[in-house]
$ cat start.txt   # compact mmCIF, C-alpha atoms and all ligand atoms
# COMPACT_ATOMS: atom_id res chain seq x y z
CA MET A 796 13.49 21.83 -3.63
CA SER A 797 16.23 20.26 -5.77
CA LYS A 798 16.43 20.87 -9.51
CA GLY A 799 15.96 17.15 -10.10
CA LYS A 800 12.72 17.13 -8.17
CA LEU A 801 11.43 20.23 -9.93
CA GLN A 802 12.16 18.63 -13.30
CA LYS A 803 10.37 15.45 -12.25
CA PHE A 804 7.33 17.42 -11.09
CA ALA A 805 7.18 19.39 -14.33
CA GLU A 806 7.50 16.20 -16.39
CA MET A 807 4.90 14.43 -14.29
CA GLU A 808 2.34 17.13 -15.12
CA THR A 809 2.40 15.70 -18.65
CA PHE A 810 1.93 12.06 -17.58
CA SER A 811 -1.44 10.65 -18.63
CA ASN A 812 -1.33 8.02 -15.88
CA VAL A 813 -0.89 10.38 -12.91
CA PHE A 814 -3.67 12.21 -11.04
CA GLN A 815 -2.48 14.82 -8.57
CA TYR A 816 -5.00 15.73 -5.90
CA PRO A 817 -3.26 16.72 -2.65
CA TYR A 818 -5.58 17.81 0.15
CA SER A 819 -5.34 21.47 -0.93
CA VAL A 820 -7.00 20.48 -4.23
CA ILE A 821 -9.44 17.73 -3.19
CA SER A 822 -10.75 19.90 -0.36
CA GLN A 823 -11.83 22.43 -3.00
CA VAL A 824 -13.02 20.35 -5.95
CA PRO A 825 -14.66 16.90 -6.09
CA PHE A 826 -12.86 14.11 -7.94
CA GLU A 827 -15.02 13.63 -11.01
CA MET A 828 -13.75 10.14 -11.76
CA LYS A 829 -14.91 8.75 -8.39
CA GLY A 830 -17.00 5.70 -9.30
CA HIS A 831 -15.91 5.90 -12.95
CA TRP A 832 -12.28 4.74 -13.00
CA ARG A 833 -13.13 1.70 -15.08
CA GLU A 834 -15.09 3.33 -17.88
CA GLN A 835 -13.28 6.68 -17.97
CA TYR A 836 -9.66 5.69 -17.39
CA PHE A 837 -9.11 1.95 -17.78
CA HIS A 838 -11.82 1.41 -20.42
CA ASN A 839 -12.66 -2.07 -19.15
CA ASP A 840 -14.66 -3.82 -16.40
CA ASN A 841 -11.69 -5.40 -14.67
CA PRO A 842 -11.17 -5.35 -10.90
CA ILE A 843 -9.21 -2.51 -9.28
CA ILE A 844 -6.42 -3.06 -6.75
CA LEU A 845 -4.76 -0.22 -4.79
CA GLU A 846 -1.24 0.05 -3.39
CA LEU A 847 -1.40 2.60 -0.57
CA GLY A 848 1.88 4.36 0.30
CA CYS A 849 3.25 2.95 -2.94
CA GLY A 850 6.48 4.98 -2.99
CA LYS A 851 8.08 4.17 -6.34
CA GLY A 852 5.25 1.76 -7.10
CA GLU A 853 7.07 -1.55 -7.37
CA TYR A 854 3.93 -3.52 -6.52
CA THR A 855 1.67 -1.41 -8.69
CA VAL A 856 3.89 -1.90 -11.74
CA GLY A 857 5.03 -5.46 -10.93
CA LEU A 858 1.49 -6.74 -10.39
CA ALA A 859 0.20 -4.88 -13.44
CA LYS A 860 2.73 -6.68 -15.62
CA ALA A 861 1.81 -10.05 -14.11
CA TYR A 862 -1.95 -9.42 -14.30
CA PRO A 863 -2.90 -7.50 -17.45
CA ASN A 864 -6.59 -8.18 -16.72
CA ILE A 865 -6.55 -6.32 -13.42
CA ASN A 866 -6.24 -2.56 -12.94
CA PHE A 867 -3.72 -1.20 -10.43
CA ILE A 868 -3.53 2.23 -8.82
CA GLY A 869 -0.58 3.36 -6.70
CA VAL A 870 -1.29 6.05 -4.11
CA ASP A 871 1.29 8.21 -2.36
CA ILE A 872 1.67 11.84 -1.33
CA LYS A 873 5.27 12.07 -2.56
CA GLY A 874 5.42 13.01 -6.22
CA ALA A 875 9.13 12.37 -6.70
CA ARG A 876 8.60 8.73 -5.72
CA ILE A 877 5.46 8.17 -7.79
CA TYR A 878 7.39 9.56 -10.77
CA THR A 879 9.55 6.42 -10.97
CA GLY A 880 6.66 3.96 -11.27
CA ALA A 881 4.56 6.22 -13.47
CA LYS A 882 7.41 6.77 -15.92
CA GLN A 883 8.13 3.03 -16.09
CA ALA A 884 4.46 2.25 -16.72
CA LEU A 885 4.36 4.78 -19.55
CA GLU A 886 7.59 3.55 -21.10
CA GLU A 887 6.38 -0.05 -20.93
CA LYS A 888 2.95 1.02 -22.24
CA LEU A 889 1.04 -0.59 -19.37
CA PRO A 890 -2.61 0.42 -19.83
CA ASN A 891 -3.69 -1.07 -16.50
CA VAL A 892 -1.68 1.30 -14.26
CA ALA A 893 -2.48 4.67 -12.72
CA PHE A 894 -0.99 6.70 -9.90
CA LEU A 895 -2.82 9.04 -7.54
CA ARG A 896 -0.91 11.66 -5.57
CA THR A 897 -2.90 12.40 -2.45
CA SER A 898 -3.13 11.80 1.29
CA ILE A 899 -4.48 8.38 2.21
CA GLU A 900 -6.49 10.12 4.96
CA VAL A 901 -8.88 11.29 2.22
CA ILE A 902 -8.72 8.19 0.01
CA ASP A 903 -12.49 7.67 0.20
CA ARG A 904 -12.99 10.85 -1.86
CA PHE A 905 -11.56 9.07 -4.90
CA PHE A 906 -13.36 5.73 -4.96
CA PHE A 907 -17.05 4.85 -4.83
CA GLU A 908 -18.75 2.03 -2.94
CA ASN A 909 -17.51 -1.40 -4.14
CA GLU A 910 -15.12 0.15 -6.67
CA VAL A 911 -12.00 -1.57 -5.26
CA GLN A 912 -11.31 -5.30 -4.80
CA GLU A 913 -8.05 -5.37 -2.86
CA ILE A 914 -5.56 -3.13 -1.05
CA TRP A 915 -1.80 -3.59 -0.71
CA LEU A 916 0.09 -1.90 2.14
CA THR A 917 3.78 -2.15 1.35
CA PHE A 918 6.30 -1.21 4.03
CA SER A 919 3.99 1.38 5.52
CA ASP A 920 5.44 3.67 8.17
CA PRO A 921 4.56 1.93 11.47
CA GLN A 922 3.55 5.23 13.09
CA MET A 923 4.42 3.91 16.53
CA LYS A 924 3.45 7.15 18.27
CA ASN A 925 0.10 7.86 16.61
CA VAL A 926 -2.44 5.09 16.27
CA HIS A 927 -4.70 7.07 13.93
CA LYS A 928 -1.90 7.40 11.38
CA ARG A 929 -1.33 3.63 11.14
CA LEU A 930 -2.67 2.38 7.84
CA THR A 931 -4.27 -0.65 9.54
CA SER A 932 -5.94 1.34 12.34
CA THR A 933 -9.72 1.47 12.67
CA PHE A 934 -9.49 5.05 11.34
CA PHE A 935 -8.14 3.82 8.00
CA LEU A 936 -9.95 0.45 7.85
CA ASN A 937 -13.25 2.32 8.17
CA ARG A 938 -12.24 4.54 5.27
CA TYR A 939 -11.27 1.55 3.13
CA ARG A 940 -14.67 -0.04 3.82
CA LYS A 941 -16.37 2.84 2.07
CA PHE A 942 -15.08 1.67 -1.30
CA LEU A 943 -13.78 -1.88 -0.84
CA VAL A 944 -16.05 -4.78 -1.81
CA ASN A 945 -17.44 -6.81 1.08
CA ASN A 946 -14.66 -9.08 2.38
CA GLY A 947 -12.16 -7.41 0.07
CA ILE A 948 -8.57 -8.42 0.76
CA VAL A 949 -6.02 -6.28 2.59
CA HIS A 950 -2.36 -7.30 2.14
CA LEU A 951 0.31 -6.09 4.56
CA LYS A 952 3.99 -6.63 3.77
CA THR A 953 6.33 -5.09 6.33
CA ASP A 954 9.67 -5.16 8.11
CA SER A 955 8.08 -3.70 11.24
CA ASN A 956 7.40 -6.07 14.10
CA PHE A 957 5.42 -3.27 15.73
CA LEU A 958 3.05 -2.75 12.79
CA PHE A 959 2.75 -6.48 12.15
CA THR A 960 1.91 -7.21 15.80
CA TYR A 961 -0.55 -4.32 15.92
CA THR A 962 -2.29 -5.55 12.76
CA THR A 963 -2.38 -9.14 14.03
CA LEU A 964 -4.05 -7.92 17.22
CA MET A 965 -6.46 -5.76 15.22
CA VAL A 966 -7.44 -8.76 13.11
CA GLU A 967 -7.86 -11.02 16.17
CA LYS A 968 -9.84 -8.46 18.15
CA ASN A 969 -12.28 -7.97 15.27
CA ASN A 970 -12.40 -11.58 14.07
CA LEU A 971 -11.26 -10.64 10.58
CA PRO A 972 -10.54 -13.80 8.55
CA VAL A 973 -6.79 -14.30 8.00
CA LEU A 974 -5.91 -15.87 4.65
CA TYR A 975 -2.11 -16.07 5.05
CA ARG A 976 0.30 -14.97 7.72
CA THR A 977 4.03 -15.37 8.14
CA GLU A 978 6.61 -13.62 10.28
CA ASP A 979 9.48 -14.66 8.03
CA LEU A 980 8.44 -14.54 4.43
CA TYR A 981 11.75 -15.50 2.91
CA GLY A 982 12.80 -17.90 5.65
CA ASN A 983 9.76 -20.14 6.13
CA GLU A 984 6.73 -21.40 4.36
CA LEU A 985 3.69 -19.19 4.64
CA SER A 986 1.14 -20.19 7.23
CA VAL A 987 -2.62 -19.81 7.26
CA ASP A 988 -5.07 -19.45 10.10
CA GLY A 989 -3.03 -17.02 12.15
CA GLY A 990 0.09 -19.16 12.10
CA LYS A 991 -1.55 -22.23 13.63
CA GLN A 992 -1.33 -24.34 10.52
CA GLU A 993 1.62 -24.50 8.13
CA THR A 994 0.96 -24.77 4.44
CA MET A 995 2.78 -24.28 1.17
CA VAL A 996 1.69 -21.30 -0.85
CA ASP A 997 1.06 -21.73 -4.52
CA GLU A 998 3.65 -20.67 -7.06
CA GLU A 999 1.62 -17.65 -8.14
CA THR A 1000 1.47 -16.21 -4.62
CA ARG A 1001 5.17 -16.89 -4.17
CA GLU A 1002 5.97 -14.94 -7.32
CA ILE A 1003 3.82 -12.01 -6.21
CA LEU A 1004 5.52 -11.90 -2.83
CA GLY A 1005 8.88 -12.05 -4.60
CA ILE A 1006 8.39 -8.49 -5.85
CA HIS A 1007 10.74 -6.39 -3.71
CA THR A 1008 10.13 -2.71 -3.04
CA TYR A 1009 12.73 0.01 -2.58
CA TYR A 1010 12.31 0.07 1.21
CA GLU A 1011 12.08 -3.69 1.41
CA ASN A 1012 15.54 -4.02 -0.09
CA GLN A 1013 16.97 -1.71 2.58
CA TRP A 1014 15.50 -3.90 5.32
CA ILE A 1015 16.60 -7.15 3.70
CA GLU A 1016 20.15 -5.77 3.43
CA ARG A 1017 20.04 -5.19 7.16
CA GLY A 1018 19.02 -8.80 7.76
CA LEU A 1019 15.50 -8.06 9.01
CA ASN A 1020 12.71 -10.59 8.54
CA ILE A 1021 10.02 -9.57 6.13
CA LYS A 1022 6.52 -10.27 7.39
CA TYR A 1023 3.36 -10.69 5.38
CA MET A 1024 -0.31 -11.24 6.03
CA LYS A 1025 -3.52 -10.92 4.11
CA PHE A 1026 -7.00 -10.75 5.58
CA ASN A 1027 -10.60 -10.11 4.58
CA LEU A 1028 -12.26 -6.86 5.55
CA PRO A 1029 -16.03 -7.29 5.95
CA ALA A 1030 -18.14 -4.27 5.02
CA THR A 1031 -20.21 -4.24 8.21
CA GLY A 1032 -19.72 -4.50 11.96
CA THR A 1033 -18.08 -2.05 14.34
CA LEU A 1034 -14.29 -2.18 14.33
CA VAL A 1035 -12.53 -1.69 17.66
CA GLU A 1036 -8.90 -0.93 18.46
CA PRO A 1037 -6.87 -3.60 20.28
CA ASP A 1038 -6.09 -2.28 23.74
CA VAL A 1039 -2.53 -3.52 24.30
CA GLU A 1040 0.98 -2.17 24.57
CA ILE A 1041 3.29 -3.27 21.80
CA GLU A 1042 7.08 -3.29 21.99
CA LEU A 1043 8.53 -0.56 19.81
CA ASP A 1044 10.87 -1.38 16.91
CA ASP A 1045 14.26 -0.50 18.36
CA TYR A 1046 15.94 -0.04 14.97
CA ARG A 1047 13.73 2.82 13.89
CA SER A 1048 16.12 5.52 15.17
CA TYR A 1049 18.85 3.98 12.98
CA ARG A 1050 16.46 4.17 10.10
CA ARG A 1051 15.88 7.90 10.53
CA THR A 1052 19.63 8.50 10.15
CA LYS A 1053 19.75 6.13 7.22
CA ARG A 1054 16.70 7.76 5.69
CA SER A 1055 18.35 11.16 5.48
CA GLY A 1056 21.33 9.49 3.85
CA LEU A 1057 19.02 8.00 1.24
CA SER A 1058 17.10 11.15 0.45
CA THR A 1059 19.35 12.28 -2.35
CA SER A 1060 18.74 9.16 -4.44
CA LYS A 1061 14.93 9.48 -4.32
C1 LIG B 1 8.27 3.67 4.06
S1 LIG B 1 7.69 4.27 2.55
C2 LIG B 1 7.37 2.79 1.62
C3 LIG B 1 7.28 3.06 0.14
C4 LIG B 1 7.14 1.81 -0.74
N1 LIG B 1 5.88 1.14 -0.49
C5 LIG B 1 8.28 0.88 -0.54
O1 LIG B 1 8.09 -0.18 0.07
O2 LIG B 1 9.39 1.18 -0.98
C6 LIG B 1 6.07 4.81 2.99
C7 LIG B 1 5.40 5.60 1.89
O3 LIG B 1 4.07 5.91 2.27
C8 LIG B 1 3.80 7.26 1.95
N2 LIG B 1 2.80 7.71 2.92
C9 LIG B 1 2.87 7.57 4.26
N3 LIG B 1 1.77 8.08 4.84
C10 LIG B 1 1.00 8.56 3.84
C11 LIG B 1 -0.26 9.20 3.80
N4 LIG B 1 -0.94 9.42 4.92
N5 LIG B 1 -0.75 9.57 2.60
C12 LIG B 1 -0.06 9.33 1.47
N6 LIG B 1 1.14 8.71 1.44
C13 LIG B 1 1.66 8.33 2.61
C14 LIG B 1 5.13 7.97 2.06
O4 LIG B 1 5.15 9.14 1.25
C15 LIG B 1 6.09 6.91 1.56
O5 LIG B 1 6.35 6.99 0.18

$ encode --input "start.txt" --output "structure tokens" --more "lines below"
Ligand SMILES: C[S@@+](CC[C@H](N)C(=O)[O-])C[C@H]1O[C@@H](n2cnc3c(N)ncnc32)[C@H](O)[C@@H]1O
Amino acid sequence: MSKGKLQKFAEMETFSNVFQYPYSVISQVPFEMKGHWREQYFHNDNPIILELGCGKGEYTVGLAKAYPNINFIGVDIKGARIYTGAKQALEEKLPNVAFLRTSIEVIDRFFFENEVQEIWLTFSDPQMKNVHKRLTSTFFLNRYRKFLVNNGIVHLKTDSNFLFTYTTLMVEKNNLPVLYRTEDLYGNELSVDGGKQETMVDEETREILGIHTYYENQWIERGLNIKYMKFNLPATGTLVEPDVEIELDDYRSYRRTKRSGLSTSK
């Protein structure tokens, strides 16, 4: 591990807004704050919104600044990435931000029934080879339902046509209500109702969607369309996987090369 990373990890141990519970820890000890984030950490009754796979936490921090009356928690397994957002939140004295370092596979060990209002998935790995690793698969949606309020909102912002198509099919197959959907966020107006009806989004939504993440900027530089949708996730009813073949993203191999080139700056 590089010296820079080691220094970040050591510094992050002192951060009051970071909770580090990788599987090796959470499999041994329960998370005492489950069900108590509001009173024990945020000290208010405000809603909680998660960013899963937050990386450097651009949405967690950006939304927290825009909405001081909402609490935001960024979740990622990579400490060196979380460090960036956590440090910024501390420096800017944002009381409504926390970061959780863990695997999203065990996310339900950290939040109690109805403790979370919304979930953001920002540029999640499409996991084209393994359906159960996709953050919008039935495997994960069922986990989210354990702590999300009934009809809580799931936001997906992605470059990946594969993940976007998969999620669209998931939503259609399970009749999940779509609130907004666009395949070209910065090129066209957002549409509602699965793209059947065009509508202008309000200024507030436009500003939120104008927050760009680290990965998003890489994709925009490459000229890829950014896609966005948000849908309600009802608490009950059996969720089933869409049974279709989806064309793979052909640029992903390029990305792997690019990714290794980027690793030093993270
Ligand atoms: C492609 S990056 C996107 C990061 C950030 N949202 C952005 O847009 O810049 C995906 C992130 O999800 C995290 N991640 C992927 N699968 C995960 C899992 N199962 N548990 C925790 N974090 C995960 C990775 O560590 C990585 O930081």

$ residues_around --input "start.txt" --residues "A:Phe894" --least-positions-apart "2" --cutoff "9 Å" --atoms "all atoms listed in the file" --output "count of residues only"
18

$ residues_around --input "start.txt" --residues "A:Ile1006" --least-positions-apart "5" --cutoff "9 Å" --atoms "all atoms listed in the file" --output "ChimeraX atom specification"
/A:853-854,857-858

$ closest_residue --input "start.txt" --among "A:Arg1047, A:Arg1001, A:Lys941, A:Lys803" --to "ligand LIG 1 (chain B)" --atoms "only C-alpha atoms and all ligand atoms"
A:Arg1047

$ closest_atom_pairs --input "start.txt" --of "chain A" --to "ligand LIG 1 (chain B)" --cutoff "8 Å" --atoms "only C-alpha atoms and all ligand atoms" --output "JSON lines"
{"residue": "A:Glu846", "atom": "CA", "partner": "B:LIG1", "partner_atom": "N1", "distance": 7.8}
{"residue": "A:Leu847", "atom": "CA", "partner": "B:LIG1", "partner_atom": "N6", "distance": 6.9}
{"residue": "A:Gly848", "atom": "CA", "partner": "B:LIG1", "partner_atom": "O3", "distance": 3.3}
{"residue": "A:Cys849", "atom": "CA", "partner": "B:LIG1", "partner_atom": "N1", "distance": 4.0}
{"residue": "A:Gly850", "atom": "CA", "partner": "B:LIG1", "partner_atom": "O5", "distance": 3.8}
{"residue": "A:Lys851", "atom": "CA", "partner": "B:LIG1", "partner_atom": "C4", "distance": 6.1}
{"residue": "A:Gly852", "atom": "CA", "partner": "B:LIG1", "partner_atom": "C4", "distance": 6.6}
{"residue": "A:Glu853", "atom": "CA", "partner": "B:LIG1", "partner_atom": "O2", "distance": 7.3}
{"residue": "A:Tyr854", "atom": "CA", "partner": "B:LIG1", "partner_atom": "N1", "distance": 7.9}
{"residue": "A:Val870", "atom": "CA", "partner": "B:LIG1", "partner_atom": "C12", "distance": 6.6}
{"residue": "A:Asp871", "atom": "CA", "partner": "B:LIG1", "partner_atom": "N6", "distance": 3.8}
{"residue": "A:Ile872", "atom": "CA", "partner": "B:LIG1", "partner_atom": "C12", "distance": 4.1}
{"residue": "A:Lys873", "atom": "CA", "partner": "B:LIG1", "partner_atom": "O4", "distance": 4.8}
{"residue": "A:Arg876", "atom": "CA", "partner": "B:LIG1", "partner_atom": "O5", "distance": 6.5}
{"residue": "A:Arg896", "atom": "CA", "partner": "B:LIG1", "partner_atom": "C12", "distance": 7.5}
{"residue": "A:Thr897", "atom": "CA", "partner": "B:LIG1", "partner_atom": "C12", "distance": 5.7}
{"residue": "A:Ser898", "atom": "CA", "partner": "B:LIG1", "partner_atom": "N5", "distance": 3.5}
{"residue": "A:Ile899", "atom": "CA", "partner": "B:LIG1", "partner_atom": "N5", "distance": 3.9}
{"residue": "A:Glu900", "atom": "CA", "partner": "B:LIG1", "partner_atom": "N4", "distance": 5.6}
{"residue": "A:Leu916", "atom": "CA", "partner": "B:LIG1", "partner_atom": "N1", "distance": 7.0}
{"residue": "A:Thr917", "atom": "CA", "partner": "B:LIG1", "partner_atom": "N1", "distance": 4.3}
{"residue": "A:Phe918", "atom": "CA", "partner": "B:LIG1", "partner_atom": "O1", "distance": 4.5}
{"residue": "A:Ser919", "atom": "CA", "partner": "B:LIG1", "partner_atom": "C6", "distance": 4.7}
{"residue": "A:Asp920", "atom": "CA", "partner": "B:LIG1", "partner_atom": "C1", "distance": 5.0}
{"residue": "A:Lys928", "atom": "CA", "partner": "B:LIG1", "partner_atom": "N4", "distance": 6.8}
{"residue": "A:Leu930", "atom": "CA", "partner": "B:LIG1", "partner_atom": "N4", "distance": 7.8}
{"residue": "A:His1007", "atom": "CA", "partner": "B:LIG1", "partner_atom": "O1", "distance": 7.7}
{"residue": "A:Thr1008", "atom": "CA", "partner": "B:LIG1", "partner_atom": "O2", "distance": 4.5}
{"residue": "A:Tyr1009", "atom": "CA", "partner": "B:LIG1", "partner_atom": "O2", "distance": 3.9}
{"residue": "A:Tyr1010", "atom": "CA", "partner": "B:LIG1", "partner_atom": "O2", "distance": 3.8}
{"residue": "A:Glu1011", "atom": "CA", "partner": "B:LIG1", "partner_atom": "O1", "distance": 5.5}

$ axis_aligned_box --input "start.txt" --around "stretch 950-954 of chain A" --padding-each-side "5 Å" --output "JSON"
{"center_x": 3.7, "center_y": -6.2, "center_z": 5.1, "size_x": 22.0, "size_y": 12.2, "size_z": 16.0}

$ build_atoms --input "start.txt" --residues "stretch 934-949 of chain A" --atoms "N, CA and C atoms" --output "PDB file, in the frame of the given file"
ATOM      1  N   PHE A 934      -9.287   3.801  12.091  1.00  0.00           N
ATOM      2  CA  PHE A 934      -9.490   5.050  11.340  1.00  0.00           C
ATOM      3  C   PHE A 934      -9.391   4.775   9.833  1.00  0.00           C
ATOM      4  N   PHE A 935      -8.335   4.077   9.432  1.00  0.00           N
ATOM      5  CA  PHE A 935      -8.140   3.820   8.000  1.00  0.00           C
ATOM      6  C   PHE A 935      -9.006   2.655   7.510  1.00  0.00           C
ATOM      7  N   LEU A 936      -9.119   1.585   8.303  1.00  0.00           N
ATOM      8  CA  LEU A 936      -9.950   0.450   7.850  1.00  0.00           C
ATOM      9  C   LEU A 936     -11.374   0.913   7.569  1.00  0.00           C
ATOM     10  N   ASN A 937     -11.887   1.814   8.407  1.00  0.00           N
ATOM     11  CA  ASN A 937     -13.250   2.320   8.170  1.00  0.00           C
ATOM     12  C   ASN A 937     -13.334   3.125   6.874  1.00  0.00           C
ATOM     13  N   ARG A 938     -12.252   3.819   6.544  1.00  0.00           N
ATOM     14  CA  ARG A 938     -12.240   4.540   5.270  1.00  0.00           C
ATOM     15  C   ARG A 938     -12.212   3.551   4.095  1.00  0.00           C
ATOM     16  N   TYR A 939     -11.373   2.526   4.215  1.00  0.00           N
ATOM     17  CA  TYR A 939     -11.270   1.550   3.130  1.00  0.00           C
ATOM     18  C   TYR A 939     -12.643   0.893   2.884  1.00  0.00           C
ATOM     19  N   ARG A 940     -13.380   0.654   3.964  1.00  0.00           N
ATOM     20  CA  ARG A 940     -14.670  -0.040   3.820  1.00  0.00           C
ATOM     21  C   ARG A 940     -15.681   0.743   3.011  1.00  0.00           C
ATOM     22  N   LYS A 941     -15.424   2.025   2.853  1.00  0.00           N
ATOM     23  CA  LYS A 941     -16.370   2.840   2.070  1.00  0.00           C
ATOM     24  C   LYS A 941     -16.302   2.521   0.587  1.00  0.00           C
ATOM     25  N   PHE A 942     -15.184   1.940   0.139  1.00  0.00           N
ATOM     26  CA  PHE A 942     -15.080   1.670  -1.300  1.00  0.00           C
ATOM     27  C   PHE A 942     -14.610   0.247  -1.636  1.00  0.00           C
ATOM     28  N   LEU A 943     -14.225  -0.505  -0.612  1.00  0.00           N
ATOM     29  CA  LEU A 943     -13.780  -1.880  -0.840  1.00  0.00           C
ATOM     30  C   LEU A 943     -14.990  -2.810  -0.906  1.00  0.00           C
ATOM     31  N   VAL A 944     -14.948  -3.811  -1.778  1.00  0.00           N
ATOM     32  CA  VAL A 944     -16.050  -4.780  -1.810  1.00  0.00           C
ATOM     33  C   VAL A 944     -16.129  -5.508  -0.470  1.00  0.00           C
ATOM     34  N   ASN A 945     -17.281  -6.066  -0.165  1.00  0.00           N
ATOM     35  CA  ASN A 945     -17.440  -6.810   1.080  1.00  0.00           C
ATOM     36  C   ASN A 945     -16.429  -7.967   1.119  1.00  0.00           C
ATOM     37  N   ASN A 946     -15.712  -8.072   2.211  1.00  0.00           N
ATOM     38  CA  ASN A 946     -14.660  -9.080   2.380  1.00  0.00           C
ATOM     39  C   ASN A 946     -13.515  -8.922   1.380  1.00  0.00           C
ATOM     40  N   GLY A 947     -13.329  -7.705   0.897  1.00  0.00           N
ATOM     41  CA  GLY A 947     -12.160  -7.410   0.070  1.00  0.00           C
ATOM     42  C   GLY A 947     -10.888  -7.719   0.841  1.00  0.00           C
ATOM     43  N   ILE A 948      -9.814  -7.972   0.108  1.00  0.00           N
ATOM     44  CA  ILE A 948      -8.570  -8.420   0.760  1.00  0.00           C
ATOM     45  C   ILE A 948      -7.641  -7.242   1.045  1.00  0.00           C
ATOM     46  N   VAL A 949      -7.078  -7.233   2.247  1.00  0.00           N
ATOM     47  CA  VAL A 949      -6.020  -6.280   2.590  1.00  0.00           C
ATOM     48  C   VAL A 949      -4.729  -7.069   2.780  1.00  0.00           C
TER      49      VAL A 949
END
